>>> print(open('run05.cif').read())   # mmCIF, C-alpha atoms
data_model
loop_
_atom_site.label_atom_id
_atom_site.label_comp_id
_atom_site.auth_asym_id
_atom_site.auth_seq_id
_atom_site.Cartn_x
_atom_site.Cartn_y
_atom_site.Cartn_z
CA MET A 1 0.00 0.00 0.00
CA ILE A 2 2.79 2.36 0.88
CA SER A 3 4.52 1.66 -2.40
CA SER A 4 1.32 2.29 -4.38
CA ALA A 5 0.89 5.57 -2.57
CA LYS A 6 4.43 6.43 -3.47
CA SER A 7 3.96 5.61 -7.12
CA PHE A 8 0.71 7.59 -7.16
CA TYR A 9 2.58 10.48 -5.61
CA GLY A 10 5.32 10.12 -8.21
CA LEU A 11 2.79 10.08 -11.04
CA SER A 12 1.09 13.26 -9.82
CA LEU A 13 4.46 14.94 -9.53
CA LEU A 14 5.29 13.95 -13.09
CA LEU A 15 1.93 15.20 -14.40
CA THR A 16 2.31 18.50 -12.58
CA ALA A 17 5.79 18.97 -13.97
CA LEU A 18 4.56 18.20 -17.50
CA MET A 19 1.72 20.70 -17.12
CA ALA A 20 4.17 23.37 -15.98
CA VAL A 21 6.36 22.70 -19.01
CA PHE A 22 3.42 22.96 -21.42
CA ILE A 23 2.05 26.15 -19.88
CA SER A 24 5.42 27.88 -19.88
CA GLY A 25 5.91 26.80 -23.49
CA LEU A 26 2.73 28.54 -24.63
CA SER A 27 4.19 31.66 -26.15
CA ALA A 28 2.18 33.62 -28.66
CA THR A 29 3.53 34.88 -31.93
CA PRO A 30 3.33 38.69 -32.13
CA ALA A 31 0.40 40.01 -34.17
CA TYR A 32 1.82 43.36 -35.23
CA GLY A 33 -0.21 45.30 -37.72
CA ILE A 34 0.70 45.05 -41.37
CA GLY A 35 3.24 47.67 -42.37
CA GLU A 36 4.19 48.34 -38.77
CA ILE A 37 7.95 48.02 -38.91
CA HIS A 38 10.23 49.68 -36.43
CA ASP A 39 13.87 49.80 -37.40
CA PHE A 40 15.92 49.30 -34.30
CA SER A 41 19.48 50.54 -34.17
CA SER A 42 20.56 47.39 -32.34
CA PRO A 43 19.26 43.83 -31.98
CA GLU A 44 19.41 44.24 -28.21
CA LEU A 45 16.76 46.98 -28.40
CA LEU A 46 14.52 44.79 -30.55
CA GLU A 47 14.82 42.03 -27.96
CA ARG A 48 13.82 44.39 -25.15
CA TYR A 49 10.98 45.73 -27.32
CA GLU A 50 9.56 42.25 -27.81
CA GLU A 51 9.97 41.43 -24.14
CA LEU A 52 8.13 44.62 -23.07
CA ASN A 53 5.33 43.95 -25.54
CA LYS A 54 4.81 40.59 -23.91
CA VAL A 55 4.52 41.84 -20.34
CA LEU A 56 2.49 44.99 -21.03
CA ARG A 57 -1.25 44.73 -21.41
CA CYS A 58 -3.36 46.45 -24.04
CA PRO A 59 -5.59 48.93 -22.15
CA LYS A 60 -8.44 48.57 -24.64
CA CYS A 61 -8.76 44.83 -24.89
CA GLN A 62 -8.71 43.64 -21.27
CA ASN A 63 -6.82 40.44 -21.87
CA GLN A 64 -4.22 40.71 -24.59
CA ASN A 65 -0.69 41.90 -24.35
CA LEU A 66 0.66 44.59 -26.64
CA ALA A 67 2.35 42.01 -28.82
CA ASP A 68 -0.93 40.17 -29.48
CA SER A 69 -3.24 43.10 -29.85
CA ASP A 70 -4.30 44.54 -33.16
CA SER A 71 -6.10 47.55 -31.69
CA PRO A 72 -4.99 51.07 -32.67
CA ILE A 73 -4.07 52.02 -29.11
CA SER A 74 -1.68 49.07 -28.91
CA ALA A 75 -0.01 50.18 -32.14
CA ASP A 76 0.36 53.65 -30.61
CA LEU A 77 1.86 52.26 -27.43
CA ARG A 78 4.25 50.04 -29.39
CA ARG A 79 5.39 53.07 -31.35
CA GLU A 80 5.88 54.97 -28.10
CA ILE A 81 7.90 52.10 -26.63
CA TYR A 82 10.01 52.00 -29.79
CA LEU A 83 10.73 55.72 -29.55
CA MET A 84 11.57 55.51 -25.85
CA LEU A 85 13.90 52.55 -26.39
CA GLU A 86 15.73 54.40 -29.16
CA ASP A 87 15.86 57.38 -26.82
CA GLY A 88 17.89 55.25 -24.41
CA GLN A 89 15.28 54.86 -21.68
CA SER A 90 15.34 51.86 -19.36
CA ASP A 91 12.64 49.18 -19.22
CA GLN A 92 11.64 50.52 -15.81
CA GLN A 93 11.26 54.06 -17.16
CA ILE A 94 9.06 52.77 -19.97
CA ARG A 95 6.88 50.78 -17.57
CA ASP A 96 6.58 53.79 -15.25
CA PHE A 97 5.61 55.99 -18.21
CA LEU A 98 2.74 53.68 -19.10
CA VAL A 99 1.59 53.08 -15.52
CA ASP A 100 1.57 56.84 -15.05
CA ARG A 101 -1.01 57.15 -17.82
CA TYR A 102 -2.93 53.90 -17.84
CA GLY A 103 -2.54 52.72 -14.25
CA THR A 104 -1.15 49.41 -13.04
CA PHE A 105 -3.68 47.71 -15.30
CA VAL A 106 -1.11 47.78 -18.11
CA LEU A 107 1.22 45.53 -16.13
CA TYR A 108 0.49 41.85 -16.42
CA SER A 109 2.29 41.34 -13.11
CA PRO A 110 0.54 43.56 -10.58
CA PRO A 111 2.76 45.26 -7.99
CA VAL A 112 3.36 43.37 -4.74
CA SER A 113 1.69 45.93 -2.50
CA GLY A 114 -1.67 47.07 -1.15
CA ILE A 115 -4.73 45.19 -2.30
CA THR A 116 -2.84 43.38 -5.07
CA LEU A 117 -0.82 41.66 -2.34
CA TRP A 118 -3.77 39.28 -2.13
CA VAL A 119 -3.35 38.38 -5.77
CA TRP A 120 0.10 37.09 -4.90
CA LEU A 121 -0.63 35.54 -1.51
CA VAL A 122 -3.95 33.79 -2.12
CA PRO A 123 -2.64 31.38 -4.81
CA ILE A 124 0.31 30.48 -2.59
CA GLY A 125 -2.14 29.87 0.26
CA PHE A 126 -4.30 27.69 -1.97
CA GLY A 127 -1.25 25.79 -3.14
CA LEU A 128 -0.11 25.08 0.40
CA GLY A 129 -3.66 24.23 1.51
CA GLY A 130 -4.07 21.89 -1.44
CA ALA A 131 -0.76 20.18 -0.72
CA LEU A 132 -1.77 19.74 2.92
CA LEU A 133 -5.14 18.33 1.91
CA PHE A 134 -3.51 16.03 -0.60
CA TRP A 135 -1.06 14.83 2.00
CA ARG A 136 -3.76 14.19 4.61
CA VAL A 137 -6.39 12.61 2.39
CA VAL A 138 -4.42 10.59 -0.10
CA LEU A 139 -1.24 9.64 1.68
CA GLN A 140 -2.74 9.14 5.16
CA ALA A 141 -5.68 7.15 3.83
CA SER A 142 -3.49 4.81 1.83
CA ARG A 143 -1.35 4.22 4.88
CA ARG A 144 -4.20 3.45 7.29
CA PRO A 145 -5.10 -0.15 6.37
CA VAL A 146 -1.60 -1.33 7.21
CA PRO A 147 -1.93 -2.68 10.78
CA ALA A 148 0.63 -1.37 13.20
CA ALA A 149 2.14 -3.91 15.58
CA ASN A 150 1.52 -1.85 18.73
CA GLU A 151 -2.17 -1.20 17.98
CA PRO A 152 -3.98 -4.48 18.47
CA ASP A 153 -7.47 -3.06 17.83
CA SER A 154 -6.53 -1.12 14.72
CA GLY A 155 -8.34 -3.63 12.50
CA LEU A 156 -11.59 -2.78 14.26
CA ASP A 157 -10.91 0.92 13.89
CA SER A 158 -10.47 0.68 10.17
CA ALA A 159 -13.66 -1.36 9.81
CA GLU A 160 -15.49 1.31 11.77
CA SER A 161 -14.10 4.13 9.68
CA SER A 162 -14.93 2.39 6.41
CA GLU A 163 -18.50 2.01 7.67
CA GLN A 164 -18.59 5.73 8.38
CA ASN A 165 -17.20 6.45 4.97
CA SER A 166 -19.94 4.47 3.25
CA GLN A 167 -22.53 6.33 5.29
CA GLN A 168 -21.08 9.62 4.22
CA ASP A 169 -21.24 8.49 0.62
CA LYS A 170 -24.97 7.95 0.95
CA ASP A 171 -25.59 11.41 2.41
CA MET B 172 -7.75 17.71 16.37
CA THR B 173 -9.02 14.22 17.06
CA PRO B 174 -9.20 11.94 14.00
CA GLU B 175 -13.02 12.23 14.02
CA ALA B 176 -12.98 16.01 14.13
CA SER B 177 -10.35 16.29 11.45
CA LYS B 178 -12.36 13.95 9.19
CA LYS B 179 -15.44 16.15 9.60
CA PHE B 180 -13.31 19.17 8.89
CA LEU B 181 -11.98 17.62 5.71
CA VAL B 182 -15.47 16.74 4.51
CA PHE B 183 -16.77 20.27 4.93
CA ALA B 184 -13.65 22.15 3.87
CA PRO B 185 -14.38 22.12 0.11
CA LEU B 186 -17.98 23.23 0.63
CA THR B 187 -16.90 26.01 2.97
CA ALA B 188 -14.23 27.12 0.54
CA PHE B 189 -16.78 27.10 -2.28
CA VAL B 190 -19.28 29.21 -0.35
CA LEU B 191 -16.61 31.72 0.69
CA LEU B 192 -15.25 32.02 -2.83
CA SER B 193 -18.74 32.44 -4.30
CA ALA B 194 -19.46 35.24 -1.86
CA PHE B 195 -16.15 36.89 -2.71
CA PHE B 196 -16.61 36.71 -6.49
CA TYR B 197 -20.23 37.83 -6.26
CA SER B 198 -19.32 40.91 -4.24
CA ALA B 199 -16.50 41.67 -6.70
CA LEU B 200 -19.01 41.53 -9.57
CA GLN B 201 -21.34 43.91 -7.75
CA LEU B 202 -18.47 46.30 -7.08
CA ARG B 203 -17.50 46.21 -10.75
CA GLU B 204 -21.08 47.04 -11.72
CA ILE B 205 -21.03 50.12 -9.50
CA ARG B 206 -17.70 51.29 -10.85
CA GLY B 207 -19.05 51.11 -14.39
CA GLY B 208 -18.27 47.75 -15.96
CA ASP B 209 -15.03 47.47 -17.85
CA GLU B 210 -14.02 51.02 -17.18
CA LEU B 211 -10.52 51.38 -15.79
CA THR B 212 -9.92 53.86 -13.03
CA SER B 213 -7.89 56.60 -14.59
CA ALA B 214 -4.38 57.11 -13.32
CA LEU B 215 -4.89 60.82 -13.98
CA ILE B 216 -7.57 61.64 -11.44
CA ASP B 217 -6.47 64.59 -9.25
CA ARG B 218 -3.55 65.34 -11.52
CA PRO B 219 -3.16 68.44 -13.69
CA PHE B 220 -4.24 68.19 -17.30
CA PRO B 221 -1.07 67.24 -19.23
CA SER B 222 0.66 70.09 -20.99
CA PHE B 223 0.23 70.40 -24.74
CA GLU B 224 0.39 72.90 -27.53
CA LEU B 225 -1.79 71.88 -30.45
CA ALA B 226 -3.66 73.49 -33.30
CA GLY B 227 -7.42 73.68 -33.03
CA LEU B 228 -9.93 73.07 -35.79
CA ASP B 229 -10.16 76.88 -35.86
CA ASN B 230 -6.41 77.02 -36.67
CA ASP B 231 -5.66 78.81 -33.40
CA VAL B 232 -3.06 77.20 -31.17
CA HIS B 233 -4.39 75.91 -27.87
CA ASP B 234 -2.62 74.83 -24.69
CA GLN B 235 -3.45 73.55 -21.21
CA SER B 236 -3.56 77.05 -19.67
CA GLU B 237 -7.00 77.59 -21.25
CA LEU B 238 -8.31 74.79 -19.03
CA SER B 239 -7.29 76.50 -15.77
CA MET B 240 -9.21 79.74 -16.04
CA GLY B 241 -11.45 79.13 -13.05
CA GLN B 242 -14.26 77.33 -14.84
CA VAL B 243 -15.08 73.64 -14.46
CA THR B 244 -14.98 72.26 -18.01
CA LEU B 245 -15.83 68.99 -19.73
CA VAL B 246 -13.21 67.79 -22.20
CA ASN B 247 -14.78 65.35 -24.63
CA VAL B 248 -12.53 63.05 -26.65
CA TRP B 249 -14.25 62.41 -29.97
CA GLY B 250 -13.65 61.52 -33.60
CA SER B 251 -15.74 61.53 -36.75
CA TRP B 252 -14.91 57.81 -37.05
CA CYS B 253 -16.56 57.04 -33.72
CA PRO B 254 -20.23 55.93 -33.84
CA SER B 255 -20.74 56.26 -30.07
CA CYS B 256 -19.69 59.91 -30.29
CA ARG B 257 -22.61 60.53 -32.61
CA TYR B 258 -24.86 58.68 -30.18
CA GLU B 259 -23.91 60.85 -27.20
CA HIS B 260 -23.95 64.11 -29.18
CA PRO B 261 -27.63 64.96 -28.48
CA PHE B 262 -27.11 64.57 -24.74
CA LEU B 263 -23.93 66.66 -24.77
CA THR B 264 -25.97 69.28 -26.63
CA GLU B 265 -28.44 69.32 -23.73
CA LEU B 266 -25.59 69.82 -21.28
CA VAL B 267 -24.19 72.72 -23.29
CA GLU B 268 -27.65 74.25 -23.46
CA ALA B 269 -27.76 74.01 -19.65
CA GLY B 270 -24.55 76.05 -19.52
CA VAL B 271 -21.91 73.33 -19.09
CA PRO B 272 -18.64 74.40 -20.78
CA LEU B 273 -17.52 71.78 -23.31
CA VAL B 274 -14.18 71.53 -25.10
CA GLY B 275 -13.51 68.96 -27.83
CA LEU B 276 -10.41 66.85 -28.17
CA ASN B 277 -10.59 65.70 -31.77
CA TYR B 278 -8.77 62.40 -31.47
CA LYS B 279 -7.00 60.67 -34.37
CA ASP B 280 -9.08 62.37 -37.00
CA THR B 281 -8.51 64.56 -40.04
CA PRO B 282 -9.67 68.20 -39.95
CA THR B 283 -11.77 67.73 -43.10
CA ALA B 284 -13.67 64.74 -41.72
CA ALA B 285 -14.04 66.43 -38.33
CA LEU B 286 -15.42 69.68 -39.80
CA ASP B 287 -17.84 67.70 -42.03
CA TRP B 288 -19.06 65.83 -38.96
CA LEU B 289 -19.58 69.06 -37.02
CA ASP B 290 -21.45 70.55 -40.00
CA SER B 291 -23.85 67.62 -39.99
CA PHE B 292 -24.47 67.29 -36.27
CA GLY B 293 -23.75 70.75 -34.89
CA ASP B 294 -20.64 72.24 -33.32
CA ILE B 295 -21.59 72.59 -29.67
CA TYR B 296 -18.00 72.91 -28.45
CA GLN B 297 -16.17 76.05 -27.32
CA TYR B 298 -13.18 74.97 -29.40
CA HIS B 299 -11.45 71.78 -30.49
CA ILE B 300 -7.93 70.57 -29.81
CA GLN B 301 -6.60 68.54 -32.74
CA ASP B 302 -4.78 65.42 -31.61
CA GLN B 303 -4.14 63.77 -34.96
CA ASP B 304 -1.45 61.31 -33.90
CA GLY B 305 -2.92 60.59 -30.48
CA ARG B 306 0.05 61.86 -28.46
CA LEU B 307 -2.03 64.01 -26.13
CA GLY B 308 -4.50 61.13 -25.89
CA LEU B 309 -1.65 58.93 -24.73
CA ASP B 310 -0.68 61.44 -22.04
CA LEU B 311 -4.33 61.41 -20.97
CA GLY B 312 -4.51 57.62 -20.83
CA VAL B 313 -7.14 57.63 -23.58
CA TYR B 314 -7.73 54.23 -25.16
CA GLY B 315 -10.75 54.87 -27.31
CA ALA B 316 -13.48 57.38 -27.95
CA PRO B 317 -15.66 58.74 -26.55
CA GLU B 318 -14.04 59.61 -23.25
CA THR B 319 -15.01 62.65 -21.19
CA PHE B 320 -12.93 64.37 -18.53
CA ILE B 321 -14.13 66.80 -15.88
CA VAL B 322 -11.39 69.41 -15.42
CA ASP B 323 -11.77 71.78 -12.48
CA GLY B 324 -11.11 75.54 -12.49
CA ASP B 325 -7.42 75.02 -11.71
CA GLY B 326 -6.92 72.66 -14.63
CA VAL B 327 -6.89 69.51 -12.48
CA ILE B 328 -8.59 66.36 -13.82
CA ARG B 329 -11.33 65.31 -11.39
CA TYR B 330 -13.19 62.63 -13.27
CA LYS B 331 -12.90 60.52 -16.36
CA ARG B 332 -15.72 58.76 -18.13
CA VAL B 333 -14.86 56.04 -20.63
CA GLY B 334 -17.74 55.54 -23.03
CA VAL B 335 -20.96 57.35 -23.74
CA VAL B 336 -22.26 60.11 -21.46
CA ASP B 337 -26.03 59.88 -21.13
CA GLN B 338 -28.62 61.11 -18.64
CA ARG B 339 -28.03 58.25 -16.21
CA VAL B 340 -24.22 58.50 -16.30
CA TRP B 341 -24.42 62.27 -15.88
CA ASP B 342 -26.90 62.18 -12.98
CA ASP B 343 -25.26 59.30 -11.11
CA LEU B 344 -21.57 59.77 -11.73
CA MET B 345 -20.60 63.06 -13.32
CA LYS B 346 -22.99 65.74 -12.11
CA PRO B 347 -22.03 65.25 -8.42
CA VAL B 348 -18.34 65.73 -9.27
CA TYR B 349 -19.10 68.66 -11.56
CA LEU B 350 -21.07 70.42 -8.81
CA GLN B 351 -18.57 69.51 -6.10
CA TYR B 352 -15.84 71.45 -7.88
CA GLY B 353 -18.08 74.44 -8.43
CA GLY B 354 -19.57 73.73 -11.85
CA GLN B 355 -22.59 75.82 -12.82
CA ILE B 356 -25.85 74.56 -14.31
CA ASP B 357 -28.58 76.94 -15.52
CA ASP B 358 -32.12 75.95 -14.62
#
>>> encode(input="run05.cif", output="structure tokens")
Amino acid sequence: MISSAKSFYGLSLLLTALMAVFISGLSATPAYGIGEIHDFSSPELLERYEELNKVLRCPKCQNQNLADSDSPISADLRREIYLMLEDGQSDQQIRDFLVDRYGTFVLYSPPVSGITLWVWLVPIGFGLGGALLFWRVVLQASRRPVPAANEPDSGLDSAESSEQNSQQDKD
Amino acid sequence: MTPEASKKFLVFAPLTAFVLLSAFFYSALQLREIRGGDELTSALIDRPFPSFELAGLDNDVHDQSELSMGQVTLVNVWGSWCPSCRYEHPFLTELVEAGVPLVGLNYKDTPTAALDWLDSFGDIYQYHIQDQDGRLGLDLGVYGAPETFIVDGDGVIRYKRVGVVDQRVWDDLMKPVYLQYGGQIDD
């Protein structure tokens, strides 16, 4: 029983890892408007441009980044980012410029402060809670039927609890 | 916890979590409704109107100083390409007739198309600022038209409406702000 619990645990770990790999691999191809070509003076600037377009959100379309969005405002913002990059401004300066005008909405990663702190903490809490639940329910339950040498009446206990379980199923 | 108690806890934990989450999401939806749907809170509230120097449709040059002459003013971002701007035009006309000062920000438009539009529907604005490439719009956090700002007598932005201004929006959201900063309405 313990070994089956272990292999189940191993399988879930593997599946979770696979899921993480797939999700992180989902990267969208930029959907820049036709004819929208910015000539960068260095490949390093182009790289930063593409990176910024991925992490900045289109204010008009609620759930697209600047790279994906075809809306006119996104084209304007991309042009602005291009000009600021060529002007020698840092990524942080560019982000601040946009937050100044469009609010923190334009950032796909909300700041770790104030009410958005919850956005960061709640998922971690859920993750820990889920892990705890998983540990208690799955691993403990699969361990229970193994009789321990120093608990002579443990067989009776497990019969009792399985009866309770079947009652709960009926409820 | 005794094993019995912890089992009961485990059985009810998902249900409790579900109820709590439902309550949380429901209240968030209600809050969103009150704040006006998809509208983003403007980052520019309580900040001075950004500085600019742009030609008007009248070929005069306008700048931000005209918006800090002691009068609460509505600045309406519009374009001849924007169907909702045509829709809100009759209500804006009513406001102007009631003595509300209205300035146009002609956003990403051409002067010819804009003047044609005004010929057809009526030029109710004091003057228009031409923002052909959308640079002033960007400084204002504009992401579409129509948008309407309430600018107080000192040229400070006090409210921003994204979308159409109609009787309900005016009465519920804009009129209180307009009056609070000393705006005048003729009866």
>>> closest_residue(input="run05.cif", among="A:Lys60, A:Val55, A:Ser41, A:Leu85", to="A:Pro110", atoms="all atoms listed in the file")
A:Val55
>>> closest_residue(input="run05.cif", among="A:Leu14, A:Met19, A:Val119, A:Leu77", to="chain B", atoms="only C-alpha atoms")
A:Leu77
>>> resolve_selection(input="run05.cif", expression="the PyMOL selection byres ((chain B) within 10 of (chain A))", output="PyMOL selection string")
chain B and resi 175+177-178+181-182+184+209-215+279+304-306+308-315
>>> residues_around(input="run05.cif", residues="A:Leu45", least_positions_apart="6", cutoff="10 Å", atoms="all atoms listed in the file", output="list in words")
Asp39, Glu51, Tyr82, Leu85, Glu86 and Gly88 of chain A
>>> resolve_selection(input="run05.cif", expression="the PyMOL selection byres ((chain B and resi 236-246) around 6)", output="VMD selection string")
chain B and resid 234 to 235 247 272 to 275 319 to 326 354
>>> residues_around(input="run05.cif", residues="A:Met84", least_positions_apart="3", cutoff="12 Å", atoms="only C-alpha atoms", output="number ranges by chain")
A: 40, 45, 48-49, 52, 77-81, 87-98
>>> atom_distance(input="run05.cif", atom1="atom CA of B:Val248", atom2="atom CA of B:Asp302")
9.5 Å
>>> residues_around(input="run05.cif", residues="A:Asn65", least_positions_apart="4", cutoff="7 Å", atoms="only C-alpha atoms", output="PDB file with C-alpha atoms, in the coordinates of the input")
ATOM      1  CA  ASN A  53       5.330  43.950 -25.540  1.00  0.00           C
ATOM      2  CA  LYS A  54       4.810  40.590 -23.910  1.00  0.00           C
ATOM      3  CA  VAL A  55       4.520  41.840 -20.340  1.00  0.00           C
ATOM      4  CA  LEU A  56       2.490  44.990 -21.030  1.00  0.00           C
ATOM      5  CA  ARG A  57      -1.250  44.730 -21.410  1.00  0.00           C
ATOM      6  CA  CYS A  58      -3.360  46.450 -24.040  1.00  0.00           C
ATOM      7  CA  SER A  69      -3.240  43.100 -29.850  1.00  0.00           C
TER       8      SER A  69
END
>>> resolve_selection(input="run05.cif", expression="the PyMOL selection byres ((chain B and resi 339-345) around 10)", output="PyMOL selection string")
chain B and resi 205-207+245+262-263+266+319-321+329-332+334-338+346-351
>>> closest_residue(input="run05.cif", among="B:Thr281, B:Tyr352, B:Ala269, B:Glu318", to="B:Ile295", atoms="all atoms listed in the file")
B:Ala269
